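Q: The structure is given below, and queries will be raised subsequently.
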2 protein chains.
Amino acid sequence: MKHATAHKSSTAGSQIRRSRVTIKDLGQDLGLSITTISRALNGYSDVGEATRQRVFEAAERLGYRPNRNAQRLVTRRTHNLAWVQSDNERKFVDPHFVEVMAGVLRGARIGGYDLVMASEMPEEQNSVYDRYIKDNSVDGFIIDLPRKNDPRISFLLESGHPFVVHGREGREDRYGWVDIDNFGNFYRLTRLMIANGHQRVAFVNGDEHFTFASERHKGVLAALRDLGLPNSTVRVLNATHPMGDAGFQLTAQALDDPAVSAILYSSTLMAAEGYSAVVRSGRRVGKDLALASMDDELHYLDLTPYEGQFTYVRSSLRQAGIALVEELIRQCESDGGPTGTIVPSTFHPAPGLDGSTFDLPVPGHRI
Amino acid sequence: MKHATAHKSSTAGSQIRRSRVTIKDLGQDLGLSITTISRALNGYSDVGEATRQRVFEAAERLGYRPNRNAQRLVTRRTHNLAWVQSDNERKFVDPHFVEVMAGVLRGARIGGYDLVMASEMPEEQNSVYDRYIKDNSVDGFIIDLPRKNDPRISFLLESGHPFVVHGREGREDRYGWVDIDNFGNFYRLTRLMIANGHQRVAFVNGDEHFTFASERHKGVLAALRDLGLPNSTVRVLNATHPMGDAGFQLTAQALDDPAVSAILYSSTLMAAEGYSAVVRSGRRVGKDLALASMDDELHYLDLTPYEGQFTYVRSSLRQAGIALVEELIRQCESDGGPTGTIVPSTFHPAPGLDGSTFDLPVPGHRI
DNA sequence: GCATTTTGTAAAAACGTTTTGGGCCGCTAT
DNA sequence: ATAGCGGCCCAAAACGTTTTTACAAAATGC
């Protein structure tokens with residue numbers, strides 16, 4: 001005992017050690033080398049079919065699972081995907097997040113990957129991404145709700161690591177992404193309203209620091225341009241904070257202008273609140289006022305009561321989550337270059353509206 | 001080349017290999033052995049302070065991060081926590097989940113752990129737990145929304161692996177848990193209503209397969225028992241599905257009985273819907289009808305409009321998430337036996353109500 | 001001035017896999 | 001006959017850490 005004083009400064013409690021079965025145990029049991037076990041399990045062609053069967057049977061019988069950490073160490077592939085959230089009050093506020101996550105988890109399970117999630121303080125720019133790359137924690141990253149020139153994307157592009165973006169922010173030729181047609185959907189919704197005789201429209205949009213919102217705005221403006229109408233035809237109202245009763249307040253604000261006969265909503269959540277505001281104002285939805293919304297299929301919100309009265313464009317966030325992971329896995333396995341995917345949307349004009357504008361071609365646009 | 005035909009049956013794409021800096025590079029750079037580097041970094045007392053400084057400086061300069069997988073392999077500790085979700089439509093429906101997750105992520109970050117999330121099909125009982133244990137993926141598990149005799153808990157108790165439960169289900173002396181006082185809160189709310197002269201009360205509860213809901217029901221019944229009132233004093237209405245307008249429908253149902261003058265809600269979400277139903281029925285909240293709710297502080301729901309009119313008991317799900325992880329980490333590091341924690345709740349009687357019953361002692365109860 | 005402790009460092013073994021580079025046997029084509 | 005080849009298997013080397021054991025030099029105790 002020469003080094004009685006040598007110890008770690010932090011006390012690390014001892015833990016129960018459960019003995020797990022290793023590939024060596026399997027070799028022992030079968031009288032085979034671990035090489036053969038490994039190759040049998042990993043589907044190499046140079047192990048006999050009879051042997052392979054024996055190996056699988058024994059693995060099942062002994063409850064053998066390869067130690068992921070040993071695998072990861074030697075293969076340098078983790079089969080882990082990371083999704084980092086900003087740890088501020090606002091981010092988690094958004095119920096859309098859970099929808100996407102449900103899809104992401106399903107996609108990961110199907111693809112044989114695990115999802116590691118972390119939160120990061122807004123001030124410690126990209127430190128989690130940096131750490132995960134340097135310490136070999138994950139194979140790739142999911143980026144959510146990009147802003148223009150998003151620093152996370154800059155960092156990951158620089159690092160050369162696989163990642164995928166839910167949305168776009170201007171550099172989408174350089175990474176894989178999944179998005180809905182924000183521009184096109186609002187282009188069409190705007191034309192729908194104008195074609196149905198509405199001369200003054202309100203647009204309750206989200207925070208335009210996020211590209212999804214700014215693109216929707218651009219779609220609205222493009223429609224006005226194509227129709228030769230002034231931008232002032234549409235009054236834009238921005239909810240800079242997703243929480244609370246922004247939908248209600250902004251609708252009330254929109255109704256101050258008696259000429260407004262149609263309202264476009266950037267989310268069903270706000271549309272539902274807006275509905276209450278309209279009802280409270282005494283105007284009749286579908287008669288005095290046309291309401292339209294982008295609907296992201298939030299499974300916890302039952303929209304059936306509204307369905308006959310709204311125009312809506314629907315797309316599935318859950319589907320987007322699945323597509324995100326599929327794309328990311330493809331990149332982690334170097335299975336082709338980065339691909340962009342538009343999640344399809346379905347159009348449901350409110351009864352009595354002429355929905356033929358939904359078939360109009362959308363003018364070219366980058367995002 | 002003898003084995004031109006040996007190949008894996010599945011095509012594995014080649015990938016870019018980025019060279020990362022290892023402990024060996026650090027040793028090279030400093031002219032020290034890797035042993036010394038490792039011990040310096042891990043805070044052992046037998047390396048000189050000057051050397052330790054040099055090591056830290058070089059690690060910073062070279063951007064060295066220990067390979068987690070190598071660490072995990074040799075230490076048999078992963079610093080990963082798992083949270084498995086059931087992959088059905090219903091589970092993700094619940095907005096409470098996101099609140100807890102925000103806390104869990106923060107707790108994990110503070111404790112130096114990562115969170116790995118996975119989804120599991122309801123039919124493949126515990127297979128993900130089994131896999132994670134056998135393949136050394138994680139140190140411990142978080143269990144959410146337990147049911148009575150929850151099979152996940154049975155499995156993990158059997159396995160001997162660390163885990164922590166958000167809620168309780170009858171075996172809570174054998175594991176660590178974090179919960180609110182479901183029983184006590186509804187005991188007090190019930191007594192409040194009775195003490196304030198309400199002779200007939202409705203209770204809009206959740207699915208009583210979940211223990212949080214059944215405990216709330218028990219609290220209500222205990223209050224009636226203590227007051228010598230029949231169970232029929234309170235009419236219980238169960239929302240078996242959290243989605244949709246259950247709060248609205250069940251409230252309408254409750255209002256069918258004109259004698260009902262107070263309604264207790266098991267969640268703010270349902271209470272908010274119930275509020276609309278009451279308003280629509282023509283009754284005046286706070287005058288004709290007293291409303292009370294358990295409020296879990298959903299950050300995306302702004303409740304200020306209701307605050308003056310409701311009685312509510314508030315507790316923080318985010319705080320619960322943090323406490324959950326703290327407890328789990330404690331167990332993973334064998335820092336004491338399993339501990340149960342009650343997250344505190346604050347009581348806010350509606351104006352005009354006598355809230356002194358909130359100070360009443362709650363009779364003993366297991367859960 | 002010698003034995004003993006303390007201080008600082010290093011070599012080597014382990015962790016549990018995958019991969020590399022064969023070896024052996026029997027069959028086929030020269 | 002025999003070189004070549006395919007089918008089947010294995011020993012050993014890697015992957016990047018932590019931990020164990022060891023040892024030299026310096027400080028201390030008597």
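By order of appearance in the structure tokens: chains A, B, ..., then residues from 1 within every chain, and ligands from 1 in the order shown.
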Tell me which protein, DNA and RNA residues are within 10 Å of DA13 (chain C), counting only C-alpha atoms (C1' of nucleotides), leaving out same-chain ones fewer than 2 positions away, and put them as a compact mmCIF listing (two decimals) with N, CA and C atoms (P, O5', C5', C4', C3', O3' and C1' of nucleotides), in the first residue's frame.
A:
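As written to disk, part-v1.txt reads:
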```
# COMPACT_ATOMS: atom_id res chain seq x y z
P DA C 11 6.31 4.39 -20.17
O5' DA C 11 6.25 2.81 -19.92
C5' DA C 11 6.88 2.25 -18.76
C4' DA C 11 6.35 0.86 -18.49
C3' DA C 11 5.77 0.12 -19.68
O3' DA C 11 6.01 -1.26 -19.46
C1' DA C 11 4.06 0.49 -18.11
P DC C 15 -11.80 -7.50 -17.81
O5' DC C 15 -12.95 -6.52 -18.30
C5' DC C 15 -13.18 -5.25 -17.72
C4' DC C 15 -13.76 -4.35 -18.77
C3' DC C 15 -14.41 -5.08 -19.94
O3' DC C 15 -15.79 -5.28 -19.63
C1' DC C 15 -13.13 -3.17 -20.65
P DT D 19 -11.17 4.62 -12.74
O5' DT D 19 -10.16 3.42 -12.45
C5' DT D 19 -10.50 2.13 -12.91
C4' DT D 19 -9.33 1.18 -12.69
C3' DT D 19 -8.65 1.33 -11.32
O3' DT D 19 -8.56 0.03 -10.78
C1' DT D 19 -7.05 1.36 -13.06
P DT D 20 -8.18 -0.17 -9.23
O5' DT D 20 -6.95 -1.18 -9.31
C5' DT D 20 -6.88 -2.11 -10.38
C4' DT D 20 -5.44 -2.56 -10.59
C3' DT D 20 -4.61 -2.61 -9.31
O3' DT D 20 -4.01 -3.89 -9.24
C1' DT D 20 -3.46 -1.39 -10.98
P DT D 21 -3.19 -4.32 -7.95
O5' DT D 21 -1.68 -4.10 -8.40
C5' DT D 21 -1.23 -4.66 -9.63
C4' DT D 21 0.11 -4.05 -9.98
C3' DT D 21 1.11 -4.02 -8.82
O3' DT D 21 2.25 -4.76 -9.20
C1' DT D 21 1.05 -1.95 -9.97
```
Q: Could you list the residues in chain B lying within 12 Å of chain C, using only C-alpha atoms (C1' of nucleotides), and format the result as number ranges by chain?
A: B: 1-3, 7, 27, 31-37, 39-40, 44-52, 69-77, 135-136
Q: Near Tyr265 (chain B), counting only C-alpha atoms (C1' of nucleotides), which residues have an atom at most 12 Å away, once you skip same-chain residues fewer than 4 positions from it, shown as an mmCIF file with N, CA and C atoms, in the first residue's frame?
A:
```cif
data_model
loop_
_atom_site.group_PDB
_atom_site.id
_atom_site.type_symbol
_atom_site.label_atom_id
_atom_site.label_comp_id
_atom_site.auth_asym_id
_atom_site.auth_seq_id
_atom_site.Cartn_x
_atom_site.Cartn_y
_atom_site.Cartn_z
ATOM 1 N N ASN B 185 -54.403 17.228 -1.730
ATOM 2 C CA ASN B 185 -54.907 18.410 -2.417
ATOM 3 C C ASN B 185 -56.407 18.309 -2.664
ATOM 4 N N PHE B 186 -56.853 17.143 -3.059
ATOM 5 C CA PHE B 186 -58.279 17.021 -3.345
ATOM 6 C C PHE B 186 -59.104 16.828 -2.079
ATOM 7 N N LEU B 189 -59.481 20.483 -1.239
ATOM 8 C CA LEU B 189 -60.396 21.183 -2.148
ATOM 9 C C LEU B 189 -61.844 20.807 -1.851
ATOM 10 N N THR B 190 -62.047 19.520 -1.567
ATOM 11 C CA THR B 190 -63.399 19.070 -1.272
ATOM 12 C C THR B 190 -63.923 19.731 0.001
ATOM 13 N N VAL B 201 -71.482 18.702 -5.371
ATOM 14 C CA VAL B 201 -70.244 19.042 -6.067
ATOM 15 C C VAL B 201 -70.007 18.054 -7.211
ATOM 16 N N ALA B 202 -69.482 18.558 -8.303
ATOM 17 C CA ALA B 202 -69.060 17.655 -9.382
ATOM 18 C C ALA B 202 -67.534 17.597 -9.395
ATOM 19 N N PHE B 203 -67.002 16.470 -9.781
ATOM 20 C CA PHE B 203 -65.553 16.291 -9.827
ATOM 21 C C PHE B 203 -65.180 15.722 -11.196
ATOM 22 N N VAL B 204 -64.564 16.561 -11.998
ATOM 23 C CA VAL B 204 -64.135 16.128 -13.329
ATOM 24 C C VAL B 204 -62.712 15.600 -13.207
ATOM 25 N N ASN B 205 -62.594 14.302 -13.214
ATOM 26 C CA ASN B 205 -61.307 13.653 -12.972
ATOM 27 C C ASN B 205 -60.746 13.044 -14.251
ATOM 28 N N GLY B 206 -59.487 12.627 -14.180
ATOM 29 C CA GLY B 206 -58.855 11.965 -15.324
ATOM 30 C C GLY B 206 -59.154 10.467 -15.322
ATOM 31 N N ALA B 213 -54.947 9.959 -10.728
ATOM 32 C CA ALA B 213 -56.386 10.230 -10.755
ATOM 33 C C ALA B 213 -57.124 9.464 -9.663
ATOM 34 N N ARG B 216 -56.652 11.128 -6.330
ATOM 35 C CA ARG B 216 -57.448 12.341 -6.169
ATOM 36 C C ARG B 216 -58.870 11.980 -5.776
ATOM 37 N N HIS B 217 -59.388 10.954 -6.410
ATOM 38 C CA HIS B 217 -60.721 10.477 -6.070
ATOM 39 C C HIS B 217 -60.776 10.039 -4.605
ATOM 40 N N VAL B 220 -61.025 12.962 -2.301
ATOM 41 C CA VAL B 220 -62.386 13.511 -2.270
ATOM 42 C C VAL B 220 -63.253 12.688 -1.325
ATOM 43 N N ARG B 235 -70.384 14.123 -7.460
ATOM 44 C CA ARG B 235 -70.571 13.335 -8.668
ATOM 45 C C ARG B 235 -69.242 13.309 -9.437
ATOM 46 N N VAL B 236 -68.749 12.116 -9.680
ATOM 47 C CA VAL B 236 -67.451 11.998 -10.349
ATOM 48 C C VAL B 236 -67.646 11.733 -11.834
ATOM 49 N N LEU B 237 -66.949 12.507 -12.627
ATOM 50 C CA LEU B 237 -67.012 12.335 -14.086
ATOM 51 C C LEU B 237 -65.597 12.102 -14.580
ATOM 52 N N ASN B 238 -65.387 11.036 -15.317
ATOM 53 C CA ASN B 238 -64.021 10.702 -15.732
ATOM 54 C C ASN B 238 -63.769 10.977 -17.203
ATOM 55 N N ALA B 239 -62.697 11.683 -17.455
ATOM 56 C CA ALA B 239 -62.230 11.867 -18.833
ATOM 57 C C ALA B 239 -61.236 10.754 -19.106
ATOM 58 N N ALA B 246 -63.132 16.992 -23.631
ATOM 59 C CA ALA B 246 -63.697 16.264 -22.497
ATOM 60 C C ALA B 246 -64.116 17.232 -21.394
ATOM 61 N N GLY B 247 -63.291 18.236 -21.138
ATOM 62 C CA GLY B 247 -63.605 19.194 -20.093
ATOM 63 C C GLY B 247 -64.918 19.905 -20.369
ATOM 64 N N PHE B 248 -65.121 20.232 -21.602
ATOM 65 C CA PHE B 248 -66.360 20.909 -21.993
ATOM 66 C C PHE B 248 -67.561 19.973 -21.840
ATOM 67 N N LEU B 250 -67.910 17.113 -20.161
ATOM 68 C CA LEU B 250 -68.205 16.630 -18.815
ATOM 69 C C LEU B 250 -68.808 17.742 -17.959
ATOM 70 N N THR B 251 -68.384 18.967 -18.216
ATOM 71 C CA THR B 251 -68.962 20.083 -17.476
ATOM 72 C C THR B 251 -70.431 20.251 -17.842
ATOM 73 N N ALA B 254 -72.247 17.771 -16.049
ATOM 74 C CA ALA B 254 -72.380 18.099 -14.630
ATOM 75 C C ALA B 254 -73.474 19.136 -14.412
ATOM 76 N N LEU B 269 -56.372 22.363 -17.992
ATOM 77 C CA LEU B 269 -56.840 22.254 -19.362
ATOM 78 C C LEU B 269 -58.347 22.019 -19.385
ATOM 79 N N MET B 270 -58.776 21.053 -18.595
ATOM 80 C CA MET B 270 -60.198 20.749 -18.555
ATOM 81 C C MET B 270 -60.971 21.874 -17.888
ATOM 82 N N ALA B 271 -60.342 22.485 -16.890
ATOM 83 C CA ALA B 271 -61.013 23.586 -16.207
ATOM 84 C C ALA B 271 -61.272 24.736 -17.172
ATOM 85 N N ALA B 272 -60.281 25.003 -18.040
ATOM 86 C CA ALA B 272 -60.453 26.098 -18.987
ATOM 87 C C ALA B 272 -61.606 25.808 -19.945
ATOM 88 N N GLU B 273 -61.678 24.560 -20.384
ATOM 89 C CA GLU B 273 -62.798 24.189 -21.254
ATOM 90 C C GLU B 273 -64.112 24.266 -20.494
ATOM 91 N N GLY B 274 -64.035 23.803 -19.238
ATOM 92 C CA GLY B 274 -65.243 23.830 -18.411
ATOM 93 C C GLY B 274 -65.744 25.251 -18.233
ATOM 94 N N TYR B 275 -64.829 26.156 -18.094
ATOM 95 C CA TYR B 275 -65.178 27.565 -17.940
ATOM 96 C C TYR B 275 -66.054 28.021 -19.095
ATOM 97 N N ALA B 290 -68.973 27.657 -8.211
ATOM 98 C CA ALA B 290 -67.577 27.770 -7.795
ATOM 99 C C ALA B 290 -66.752 26.743 -8.560
ATOM 100 N N LEU B 291 -65.649 27.212 -9.099
ATOM 101 C CA LEU B 291 -64.780 26.323 -9.879
ATOM 102 C C LEU B 291 -63.420 26.209 -9.193
ATOM 103 N N ALA B 292 -62.891 24.983 -9.153
ATOM 104 C CA ALA B 292 -61.570 24.792 -8.552
ATOM 105 C C ALA B 292 -60.790 23.805 -9.395
ATOM 106 N N SER B 293 -59.477 23.999 -9.413
ATOM 107 C CA SER B 293 -58.684 23.154 -10.295
ATOM 108 C C SER B 293 -57.287 22.905 -9.743
ATOM 109 N N MET B 294 -56.769 21.756 -10.097
ATOM 110 C CA MET B 294 -55.368 21.461 -9.855
ATOM 111 C C MET B 294 -54.606 22.029 -11.039
ATOM 112 N N ASP B 295 -53.653 22.909 -10.760
ATOM 113 C CA ASP B 295 -52.941 23.583 -11.845
ATOM 114 C C ASP B 295 -51.482 23.163 -11.902
ATOM 115 N N ASP B 296 -51.096 22.593 -13.027
ATOM 116 C CA ASP B 296 -49.729 22.103 -13.158
ATOM 117 C C ASP B 296 -48.799 23.093 -13.846
ATOM 118 N N PHE B 310 -61.142 31.421 -10.291
ATOM 119 C CA PHE B 310 -60.947 30.025 -9.931
ATOM 120 C C PHE B 310 -60.336 29.907 -8.546
ATOM 121 N N THR B 311 -60.615 28.776 -7.934
ATOM 122 C CA THR B 311 -59.755 28.335 -6.851
ATOM 123 C C THR B 311 -58.755 27.373 -7.474
ATOM 124 N N TYR B 312 -57.496 27.499 -7.139
ATOM 125 C CA TYR B 312 -56.580 26.516 -7.695
ATOM 126 C C TYR B 312 -55.467 26.138 -6.738
ATOM 127 N N VAL B 313 -54.993 24.943 -6.959
ATOM 128 C CA VAL B 313 -53.860 24.405 -6.221
ATOM 129 C C VAL B 313 -52.760 24.243 -7.240
#
```
Q: Calculate how many Å separate CA of Val362 (chain B) from CA of Phe183 (chain B), rounding to one decimal.
A: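 About the pair CA of Val362 (chain B) and CA of Phe183 (chain B): they are 8.5 Å apart.
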Q: Identify, with DSSP run on backbone atoms, the residues in region 120-291 of chain B assigned to strand (DSSP E or B), and express the list as a compact mmCIF listing (two decimals) with C-alpha atoms, in the first residue's frame.
A:
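Output saved as out07.txt:
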```txt
# COMPACT_ATOMS: atom_id res chain seq x y z
CA GLU B 120 -41.84 1.57 -27.54
CA GLY B 140 -31.05 4.39 -14.93
CA PHE B 141 -34.63 4.96 -15.97
CA ILE B 142 -37.41 7.46 -15.55
CA ILE B 143 -40.93 6.09 -15.27
CA ASP B 144 -43.83 8.33 -16.00
CA ARG B 147 -50.60 2.65 -13.36
CA PHE B 163 -35.05 3.99 -11.65
CA VAL B 164 -37.28 6.75 -10.45
CA VAL B 165 -41.03 7.19 -10.77
CA HIS B 166 -43.03 10.32 -11.37
CA GLY B 176 -37.39 6.58 -5.52
CA TRP B 177 -40.27 8.79 -6.55
CA VAL B 178 -41.44 12.34 -6.94
CA ASP B 179 -45.07 13.20 -6.72
CA VAL B 201 -70.24 19.04 -6.07
CA ALA B 202 -69.06 17.66 -9.38
CA PHE B 203 -65.55 16.29 -9.83
CA VAL B 204 -64.14 16.13 -13.33
CA ASN B 205 -61.31 13.65 -12.97
CA PHE B 210 -53.61 6.19 -13.55
CA VAL B 234 -69.82 14.42 -5.15
CA ARG B 235 -70.57 13.34 -8.67
CA VAL B 236 -67.45 12.00 -10.35
CA LEU B 237 -67.01 12.33 -14.09
CA ASN B 238 -64.02 10.70 -15.73
CA ALA B 262 -69.24 23.64 -7.39
CA ILE B 263 -66.98 21.80 -9.79
CA LEU B 264 -63.53 20.36 -9.10
CA TYR B 265 -61.22 19.83 -12.05
CA VAL B 285 -68.62 31.68 -12.52
CA LEU B 289 -70.92 28.27 -9.54
CA ALA B 290 -67.58 27.77 -7.80
CA LEU B 291 -64.78 26.32 -9.88
```
Q: Run DSSP on the backbone and tell me which residues of region 317-360 of chain B come out as helix (DSSP H, G or I); list them as an mmCIF file with C-alpha atoms, in the first residue's frame.
A:
```cif
data_model
loop_
_atom_site.group_PDB
_atom_site.id
_atom_site.type_symbol
_atom_site.label_atom_id
_atom_site.label_comp_id
_atom_site.auth_asym_id
_atom_site.auth_seq_id
_atom_site.Cartn_x
_atom_site.Cartn_y
_atom_site.Cartn_z
ATOM 1 C CA LEU B 317 -44.163 20.023 -13.111
ATOM 2 C CA ARG B 318 -40.852 21.482 -14.175
ATOM 3 C CA GLN B 319 -39.678 21.348 -10.590
ATOM 4 C CA ALA B 320 -40.855 17.775 -10.411
ATOM 5 C CA GLY B 321 -38.776 16.934 -13.479
ATOM 6 C CA ILE B 322 -35.684 18.372 -11.882
ATOM 7 C CA ALA B 323 -36.302 16.506 -8.637
ATOM 8 C CA LEU B 324 -36.847 13.277 -10.549
ATOM 9 C CA VAL B 325 -33.436 13.447 -12.153
ATOM 10 C CA GLU B 326 -31.724 14.485 -8.964
ATOM 11 C CA GLU B 327 -33.137 11.452 -7.222
ATOM 12 C CA LEU B 328 -32.239 9.147 -10.081
ATOM 13 C CA ILE B 329 -28.676 10.384 -10.250
ATOM 14 C CA ARG B 330 -28.364 9.932 -6.522
ATOM 15 C CA GLN B 331 -29.357 6.321 -6.964
ATOM 16 C CA CYS B 332 -27.110 5.716 -9.954
ATOM 17 C CA SER B 356 -59.159 28.127 6.062
ATOM 18 C CA THR B 357 -59.814 24.479 5.195
ATOM 19 C CA PHE B 358 -56.515 24.519 3.357
ATOM 20 C CA ASP B 359 -54.844 24.379 6.721
#
```
Q: Closest to chain B among A:Pro351, A:Pro122, A:Pro95, A:Pro361, using only C-alpha atoms?
A: A:Pro95
Q: So, counting only C-alpha atoms (C1' of nucleotides), which residue among D:DG16, D:DT28, D:DA22, D:DT2 is closest to chain B?
A: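 Answer, going by the shortest atom-to-atom distance: D:DG16.
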Q: Work out how far apart CA of Ala58 (chain A) and CA of Arg20 (chain A) are and give it in Å to one decimal.
A: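 Here the two named atoms are 14.6 Å from each other.
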Q: Which is closest to chain A among D:DC23, D:DC30, D:DA1, D:DC9, if we use only C-alpha atoms (C1' of nucleotides)?
A: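 Smallest separation from chain A among the options: D:DC9.
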Q: Counting only C-alpha atoms (C1' of nucleotides), a student should be able to say which residues of chain D come within 9 Å of chain A; what is the right answer, written as JSON, numbers by chain?
A: {"D": [7, 8, 9, 10, 14, 15, 16]}
Q: Just to confirm, what's the straight-line distance from CA of Gly219 (chain A) to CA of Ser154 (chain A) in Å (one decimal)?
A: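 Spanning CA of Gly219 (chain A) to CA of Ser154 (chain A) is a straight-line distance of 26.1 Å.
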Q: Between B:Ala82, B:Val116, B:Ile110, B:Leu30, which is the closest to chain A once you count only C-alpha atoms?
A: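 Between B:Ala82, B:Val116, B:Ile110, B:Leu30, the residue approaching chain A most closely is B:Val116.
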Q: Give the answer as one residue: which of A:Gly228, A:Gly167, A:Pro363, A:Gly336 has the shortest atom-to-atom distance to chain B, using only C-alpha atoms?
A: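 So, comparing all the options, the nearest one is A:Gly336.
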Q: Residues at most 7 Å from Thr233 (chain B), counting only C-alpha atoms (C1' of nucleotides), excluding those fewer than 2 positions away in the same chain, as number ranges by chain?
A: B: 199-201, 229-231, 235
Q: What's the 12 Å shell around Glu158 (chain B), counting only C-alpha atoms (C1' of nucleotides), without same-chain residues fewer than 5 positions away, as a tab-separated table (two decimals) with N, CA and C atoms, in the first residue's frame?
A:
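As written to disk, part.tsv reads:
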```tsv
chain	number	residue	atom	x	y	z
B	129	TYR	N	-36.49	-1.46	-22.15
B	129	TYR	CA	-35.81	-1.49	-20.86
B	129	TYR	C	-34.82	-2.65	-20.82
B	130	ASP	N	-35.29	-3.79	-21.27
B	130	ASP	CA	-34.45	-4.98	-21.27
B	130	ASP	C	-33.21	-4.76	-22.12
B	151	PRO	N	-46.34	-2.73	-14.99
B	151	PRO	CA	-45.39	-3.79	-15.38
B	151	PRO	C	-43.97	-3.26	-15.58
B	152	ARG	N	-43.83	-2.01	-15.94
B	152	ARG	CA	-42.48	-1.45	-16.09
B	152	ARG	C	-41.78	-1.46	-14.75
B	153	ILE	N	-42.52	-1.08	-13.73
B	153	ILE	CA	-41.93	-1.04	-12.39
B	153	ILE	C	-41.60	-2.44	-11.90
B	163	PHE	N	-34.01	3.28	-10.92
B	163	PHE	CA	-35.05	3.99	-11.65
B	163	PHE	C	-35.79	4.90	-10.69
B	174	ARG	N	-40.15	0.87	-2.27
B	174	ARG	CA	-39.05	0.12	-2.89
B	174	ARG	C	-38.35	0.89	-4.00
B	175	TYR	N	-38.80	2.11	-4.28
B	175	TYR	CA	-38.09	2.88	-5.31
B	175	TYR	C	-38.15	4.37	-4.99
```
